[in-house]
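Below is run-v1.cif, holding mmCIF, C-alpha atoms and all ligand atoms.
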data_upload
#
loop_
_atom_site.group_PDB
_atom_site.id
_atom_site.type_symbol
_atom_site.label_atom_id
_atom_site.label_comp_id
_atom_site.auth_asym_id
_atom_site.auth_seq_id
_atom_site.Cartn_x
_atom_site.Cartn_y
_atom_site.Cartn_z
ATOM 1 C CA MET K 1 -42.943 150.242 23.079
ATOM 2 C CA CYS K 2 -41.925 148.143 26.084
ATOM 3 C CA GLU K 3 -43.970 148.648 29.240
ATOM 4 C CA HIS K 4 -42.422 145.827 31.235
ATOM 5 C CA GLN K 5 -40.451 146.346 34.431
ATOM 6 C CA PRO K 6 -37.554 145.868 34.247
ATOM 7 C CA ARG K 7 -37.421 146.990 30.624
ATOM 8 C CA CYS K 8 -36.785 144.316 28.031
ATOM 9 C CA PRO K 9 -33.498 144.470 26.125
ATOM 10 C CA PRO K 10 -33.777 146.633 22.989
ATOM 11 C CA ALA K 11 -33.567 145.039 19.557
ATOM 12 C CA GLY K 12 -29.943 146.123 19.221
ATOM 13 C CA ALA K 13 -28.824 144.475 22.449
ATOM 14 C CA PRO K 14 -26.879 141.206 22.447
ATOM 15 C CA ASP K 15 -29.489 139.684 24.771
ATOM 16 C CA ARG K 16 -32.472 140.835 22.684
ATOM 17 C CA ASP K 17 -33.893 137.301 22.792
ATOM 18 C CA ALA K 18 -34.586 137.833 26.492
ATOM 19 C CA ALA K 19 -37.448 140.247 25.706
ATOM 20 C CA ARG K 20 -40.984 139.062 26.467
ATOM 21 C CA VAL K 21 -42.985 137.321 23.789
ATOM 22 C CA VAL K 22 -46.014 139.428 22.884
ATOM 23 C CA THR K 23 -47.349 137.318 20.000
ATOM 24 C CA ALA K 24 -46.594 133.617 19.618
ATOM 25 C CA HIS K 25 -47.412 131.607 16.491
ATOM 26 C CA PRO K 26 -45.984 128.156 17.250
ATOM 27 C CA GLU K 27 -48.004 126.668 14.391
ATOM 28 C CA GLN K 28 -46.164 129.014 12.028
ATOM 29 C CA GLY K 29 -42.858 128.704 13.845
ATOM 30 C CA TRP K 30 -42.307 132.313 14.926
ATOM 31 C CA SER K 31 -42.837 134.689 17.831
ATOM 32 C CA LEU K 32 -42.869 138.472 18.113
ATOM 33 C CA LEU K 33 -40.948 139.908 21.033
ATOM 34 C CA CYS K 34 -41.900 143.168 22.667
ATOM 35 C CA ASN K 35 -38.755 144.877 21.337
ATOM 36 C CA GLY K 36 -40.014 144.258 17.801
ATOM 37 C CA VAL K 37 -37.746 141.297 17.029
ATOM 38 C CA VAL K 38 -39.336 138.314 15.288
ATOM 39 C CA VAL K 39 -37.772 135.027 16.420
ATOM 40 C CA PHE K 40 -38.122 131.824 14.439
ATOM 41 C CA ASP K 41 -38.092 128.263 15.741
ATOM 42 C CA ASP K 42 -34.663 127.658 14.220
ATOM 43 C CA ASP K 43 -33.285 130.664 16.200
ATOM 44 C CA GLY K 44 -33.188 132.915 13.147
ATOM 45 C CA GLU K 45 -34.416 136.471 13.712
ATOM 46 C CA ILE K 46 -35.743 139.475 11.851
ATOM 47 C CA LEU K 47 -34.919 142.790 13.487
ATOM 48 C CA PRO K 48 -37.347 145.753 13.504
ATOM 49 C CA ASP K 49 -35.230 147.513 10.857
ATOM 50 C CA GLY K 50 -35.657 144.532 8.518
ATOM 51 C CA ARG K 51 -32.239 142.977 9.017
ATOM 52 C CA ILE K 52 -32.200 139.174 9.051
ATOM 53 C CA VAL K 53 -30.077 137.381 11.619
ATOM 54 C CA ASP K 54 -29.257 133.791 10.734
ATOM 55 C CA SER K 55 -29.592 131.194 13.410
ATOM 56 C CA PRO K 56 -26.388 130.199 15.223
ATOM 57 C CA ARG K 57 -26.920 126.698 13.924
ATOM 58 C CA THR K 58 -27.005 127.943 10.326
ATOM 59 C CA LEU K 59 -23.813 129.938 10.838
ATOM 60 C CA GLN K 60 -22.136 126.951 12.409
ATOM 61 C CA PHE K 61 -23.178 124.835 9.448
ATOM 62 C CA VAL K 62 -21.688 127.349 7.030
ATOM 63 C CA VAL K 63 -18.419 127.450 8.956
ATOM 64 C CA CYS K 64 -18.211 123.665 9.102
ATOM 65 C CA THR K 65 -18.718 123.204 5.369
ATOM 66 C CA ALA K 66 -16.637 126.158 4.171
HETATM 67 ZN ZN ZN K 101 -41.048 144.417 27.262
#

Let me see the file written as structure tokens.
Ligand SMILES: [Zn+2]
Amino acid sequence: MCEHQPRCPPAGAPDRDAARVVTAHPEQGWSLLCNGVVVFDDDGEILPDGRIVDSPRTLQFVVCTA
């Protein structure tokens, strides 16, 4: 899927956000990275396998209010 050199991090990598943006929709608040990850403006993500990754800010909020 990725034809960049060097290769972008795969969707399962901790630094997956470092992949290139292939489709940006700032008006809708999301971008598609070339590893298949969809990144939202609030740092939330949807992985290619459908898993949803909450934004760090959301997790922090949950921890703070728990
Ligand atoms: Zn790439």

If you take all atoms listed in the file and a cut-off of 12 Å, which residues of chain K touch ligand ZN 101 (chain K), and what are their nearest atom pairs and distances in Å to one decimal, in chain and number order, as CSV?
residue,atom,partner,partner_atom,distance
K:Met1,CA,K:ZN101,ZN,7.4
K:Cys2,CA,K:ZN101,ZN,4.0
K:Glu3,CA,K:ZN101,ZN,5.5
K:His4,CA,K:ZN101,ZN,4.4
K:Gln5,CA,K:ZN101,ZN,7.4
K:Pro6,CA,K:ZN101,ZN,7.9
K:Arg7,CA,K:ZN101,ZN,5.6
K:Cys8,CA,K:ZN101,ZN,4.3
K:Pro9,CA,K:ZN101,ZN,7.6
K:Pro10,CA,K:ZN101,ZN,8.7
K:Ala11,CA,K:ZN101,ZN,10.8
K:Arg16,CA,K:ZN101,ZN,10.4
K:Asp17,CA,K:ZN101,ZN,11.0
K:Ala18,CA,K:ZN101,ZN,9.3
K:Ala19,CA,K:ZN101,ZN,5.7
K:Arg20,CA,K:ZN101,ZN,5.4
K:Val21,CA,K:ZN101,ZN,8.1
K:Val22,CA,K:ZN101,ZN,8.3
K:Thr23,CA,K:ZN101,ZN,12.0
K:Leu32,CA,K:ZN101,ZN,11.1
K:Leu33,CA,K:ZN101,ZN,7.7
K:Cys34,CA,K:ZN101,ZN,4.8
K:Asn35,CA,K:ZN101,ZN,6.4
K:Gly36,CA,K:ZN101,ZN,9.5
K:Val37,CA,K:ZN101,ZN,11.2

As JSON, numbers by chain, please: the residues near Val53 (chain K) (cut-off 7 Å, all atoms listed in the file, same-chain neighbours under 6 positions excluded).
{"K": [44, 45, 46]}

Tell me which protein, DNA and RNA residues are within 10 Å of His25 (chain K), counting all atoms listed in the file, leaving out same-chain ones fewer than 6 positions away, and put them as a list of chain:residue names.
K:Ser31, K:Leu32, K:Phe40, K:Asp41

Just to be explicit: take each residue in the selection above, keep C-alpha atoms, and write the result as an mmCIF file, in the frame of the given file.
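The result, stored in result_27.cif:
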data_model
loop_
_atom_site.group_PDB
_atom_site.id
_atom_site.type_symbol
_atom_site.label_atom_id
_atom_site.label_comp_id
_atom_site.auth_asym_id
_atom_site.auth_seq_id
_atom_site.Cartn_x
_atom_site.Cartn_y
_atom_site.Cartn_z
ATOM 1 C CA SER K 31 -42.837 134.689 17.831
ATOM 2 C CA LEU K 32 -42.869 138.472 18.113
ATOM 3 C CA PHE K 40 -38.122 131.824 14.439
ATOM 4 C CA ASP K 41 -38.092 128.263 15.741
#
